[in-house]
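Peer 1: Below is the structure I would like to discuss, written out as structure tokens.
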Amino acid sequence: MLTTSLPEVLARFGHALSDPTRARVLLALRDGSAYPSDLAALVGASRQSLSNHLACLRGCGLVVAAPEGRRVRYELADGRLAAALDELAAVVVVADPACAPGSPPQAAR
């Protein structure tokens, strides 16, 4: 049995959310499963780029692929992720802009 520590799980989750496209994919999948071409259109990514993001999300254990004949449909790996994403967004909805990537460093006070 493969076990992973809580810090490793959270780091993987943080890595998945660290990219805006991956975050948009996860948010899109809250409402249900979708095909890659539909997800690419929803999140504004090329199919190749989306394929790479889906591979990352699969590797992080957040999404699963469900083969349907010649097509593959993606969905959240666990239904509780939808609620977790909503809860996380509610907690961090007011963020310090200085903490955003690319923000200029704050001067020491």
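Labels for the structure tokens follow display order: chains A, B, ..., residues from 1 in each chain, ligands from 1.
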Using only C-alpha atoms, find each residue in stretch 42-99 of chain A having at least one atom no more than 8 Å away from stretch 6-16 of chain A; report its shortest atom-to-atom pair and that distance in Å (one decimal), rows by chain then rising number, as a tab-separated table.

Peer 2:
residue	atom	partner	partner_atom	distance
A:Cys56	CA	A:Ala16	CA	7.1
A:Leu57	CA	A:Ala16	CA	6.2
A:Cys60	CA	A:Arg12	CA	5.7
A:Leu62	CA	A:Phe13	CA	7.9

Peer 1: Those selected residues, please, written with N, CA and C atoms and delivered as a PDB file, in the first residue's frame.

Peer 2:
ATOM      1  N   CYS A  56      -0.641  16.487 -15.476  1.00  0.00           N
ATOM      2  CA  CYS A  56      -0.193  16.949 -14.160  1.00  0.00           C
ATOM      3  C   CYS A  56      -1.277  16.689 -13.113  1.00  0.00           C
ATOM      4  N   LEU A  57      -2.512  17.029 -13.436  1.00  0.00           N
ATOM      5  CA  LEU A  57      -3.606  16.844 -12.487  1.00  0.00           C
ATOM      6  C   LEU A  57      -3.854  15.365 -12.195  1.00  0.00           C
ATOM      7  N   CYS A  60      -1.114  14.289  -9.847  1.00  0.00           N
ATOM      8  CA  CYS A  60      -1.362  14.786  -8.493  1.00  0.00           C
ATOM      9  C   CYS A  60      -2.522  14.061  -7.831  1.00  0.00           C
ATOM     10  N   LEU A  62      -5.744  14.315  -8.655  1.00  0.00           N
ATOM     11  CA  LEU A  62      -6.937  15.147  -8.535  1.00  0.00           C
ATOM     12  C   LEU A  62      -7.990  14.881  -9.598  1.00  0.00           C
TER      13      LEU A  62
END

Peer 1: Could you find all residues in stretch 15-97 of chain A that DSSP calls strand (DSSP E) from the backbone, and write them as a list in words?

Peer 2: Val63, Val64, Ala65, Ala66, Pro67, Glu68, Arg71, Val72, Arg73, Tyr74, Glu75 and Leu76 of chain A

Peer 1: Next, dump the selected residues to file, keeping only all heavy atoms, as a CSV table (one decimal), in the first residue's frame.

Peer 2:
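Okay, this is what ended up in again-v4.csv:
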chain,number,residue,atom,x,y,z
A,63,VAL,N,-7.6,14.4,-10.8
A,63,VAL,CA,-8.5,14.0,-11.8
A,63,VAL,C,-8.3,12.6,-12.3
A,63,VAL,O,-7.2,12.1,-12.1
A,63,VAL,CB,-8.5,15.0,-13.0
A,63,VAL,CG1,-8.8,16.4,-12.6
A,63,VAL,CG2,-7.2,14.9,-13.8
A,64,VAL,N,-9.3,12.0,-12.8
A,64,VAL,CA,-9.2,10.7,-13.4
A,64,VAL,C,-9.7,10.7,-14.8
A,64,VAL,O,-10.6,11.5,-15.1
A,64,VAL,CB,-9.9,9.6,-12.6
A,64,VAL,CG1,-9.2,9.4,-11.2
A,64,VAL,CG2,-11.4,9.9,-12.4
A,65,ALA,N,-9.2,9.8,-15.7
A,65,ALA,CA,-9.7,9.7,-17.0
A,65,ALA,C,-10.6,8.5,-17.1
A,65,ALA,O,-10.3,7.4,-16.6
A,65,ALA,CB,-8.5,9.5,-18.0
A,66,ALA,N,-11.8,8.7,-17.8
A,66,ALA,CA,-12.7,7.6,-17.9
A,66,ALA,C,-12.9,7.4,-19.4
A,66,ALA,O,-13.5,8.2,-20.1
A,66,ALA,CB,-14.1,8.1,-17.3
A,67,PRO,N,-12.3,6.3,-19.9
A,67,PRO,CA,-12.4,6.0,-21.4
A,67,PRO,C,-13.8,5.7,-21.8
A,67,PRO,O,-14.6,5.1,-21.1
A,67,PRO,CB,-11.6,4.8,-21.6
A,67,PRO,CG,-10.7,4.6,-20.3
A,67,PRO,CD,-11.5,5.3,-19.2
A,68,GLU,N,-14.2,6.3,-22.9
A,68,GLU,CA,-15.6,6.1,-23.5
A,68,GLU,C,-15.4,5.8,-25.0
A,68,GLU,O,-15.4,6.7,-25.8
A,68,GLU,CB,-16.4,7.3,-23.3
A,68,GLU,CG,-16.8,7.6,-21.9
A,68,GLU,CD,-17.8,8.7,-21.8
A,68,GLU,OE1,-17.9,9.6,-22.7
A,68,GLU,OE2,-18.4,8.8,-20.7
A,71,ARG,N,-13.0,8.1,-27.1
A,71,ARG,CA,-12.8,9.3,-26.4
A,71,ARG,C,-12.5,9.1,-24.9
A,71,ARG,O,-12.7,8.0,-24.4
A,71,ARG,CB,-14.1,10.2,-26.5
A,71,ARG,CG,-14.5,10.5,-27.9
A,71,ARG,CD,-15.7,11.4,-28.0
A,71,ARG,NE,-15.3,12.7,-27.6
A,71,ARG,CZ,-16.2,13.7,-27.4
A,71,ARG,NH1,-17.5,13.5,-27.6
A,71,ARG,NH2,-15.9,14.9,-27.1
A,72,VAL,N,-12.0,10.1,-24.3
A,72,VAL,CA,-11.7,10.0,-22.8
A,72,VAL,C,-12.4,11.2,-22.2
A,72,VAL,O,-12.2,12.4,-22.7
A,72,VAL,CB,-10.2,10.1,-22.6
A,72,VAL,CG1,-9.9,10.1,-21.1
A,72,VAL,CG2,-9.5,8.9,-23.2
A,73,ARG,N,-13.1,11.0,-21.1
A,73,ARG,CA,-13.7,12.0,-20.4
A,73,ARG,C,-13.0,12.2,-19.0
A,73,ARG,O,-12.5,11.2,-18.5
A,73,ARG,CB,-15.2,11.5,-20.1
A,73,ARG,CG,-16.0,12.4,-19.3
A,73,ARG,CD,-17.5,11.9,-19.2
A,73,ARG,NE,-17.5,10.4,-19.0
A,73,ARG,CZ,-17.4,9.8,-17.8
A,73,ARG,NH1,-17.2,10.6,-16.7
A,73,ARG,NH2,-17.5,8.5,-17.6
A,74,TYR,N,-12.8,13.4,-18.6
A,74,TYR,CA,-12.1,13.6,-17.3
A,74,TYR,C,-13.1,14.1,-16.3
A,74,TYR,O,-14.1,14.8,-16.5
A,74,TYR,CB,-11.1,14.7,-17.5
A,74,TYR,CG,-9.9,14.2,-18.2
A,74,TYR,CD1,-9.8,14.1,-19.6
A,74,TYR,CD2,-8.8,13.6,-17.5
A,74,TYR,CE1,-8.7,13.6,-20.3
A,74,TYR,CE2,-7.7,13.1,-18.2
A,74,TYR,CZ,-7.7,13.1,-19.5
A,74,TYR,OH,-6.6,12.5,-20.2
A,75,GLU,N,-12.8,13.7,-15.0
A,75,GLU,CA,-13.6,14.1,-13.9
A,75,GLU,C,-12.8,14.2,-12.7
A,75,GLU,O,-11.6,13.7,-12.6
A,75,GLU,CB,-14.8,13.1,-13.7
A,75,GLU,CG,-14.3,11.7,-13.4
A,75,GLU,CD,-15.4,10.7,-13.5
A,75,GLU,OE1,-16.3,10.8,-14.4
A,75,GLU,OE2,-15.4,9.7,-12.7
A,76,LEU,N,-13.3,14.9,-11.6
A,76,LEU,CA,-12.6,15.0,-10.4
A,76,LEU,C,-12.4,13.6,-9.8
A,76,LEU,O,-13.3,12.7,-9.9
A,76,LEU,CB,-13.3,15.9,-9.4
A,76,LEU,CG,-13.4,17.3,-9.8
A,76,LEU,CD1,-14.2,18.1,-8.7
A,76,LEU,CD2,-12.0,18.0,-9.9

Peer 1: So which one's closest to A:Leu50, A:Ala34, A:Ala82, A:Leu88, A:Val25? Using only C-alpha atoms, please.

Peer 2: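 The shortest atom-to-atom distance to A:Leu50 comes from A:Val25.
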
Peer 1: Taking the DSSP assignment computed from this structure's backbone, write out as number ranges by chain all residues of chain A that belong to alpha helix (DSSP H).

Peer 2: A: 6-17, 20-29, 36-43, 47-59, 80-91

Peer 1: Have a look at atom CA of A:Leu26 and atom CA of A:Leu54 and let me know their distance in Å, one decimal.

Peer 2: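 Going from atom CA of A:Leu26 over to atom CA of A:Leu54 covers 9.6 Å.
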
Peer 1: Please indicate the distance in Å from atom CA of A:Gly61 to atom CA of A:Cys99, rounded to one decimal place.

Peer 2: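 Distance between the two atoms: 26.7 Å.
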
Peer 1: Could you work out how far atom CA of A:Arg47 lies from atom CA of A:Arg80, giving the answer in Å with one decimal?

Peer 2: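 Atom-to-atom, atom CA of A:Arg80 and atom CA of A:Arg47 are spaced 27.0 Å apart.
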
Peer 1: If we count only C-alpha atoms and set the cut-off at 12 Å, which residues sit around A:Asp86, ignoring sequence neighbours fewer than 6 positions away in its own chain? Please answer as a list in words.

Peer 2: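 Surrounding residues, per the criterion: Ala23, Leu26, Leu27, Ala28, Arg30, Asp31, Arg80, Val92 and Val93 of chain A.
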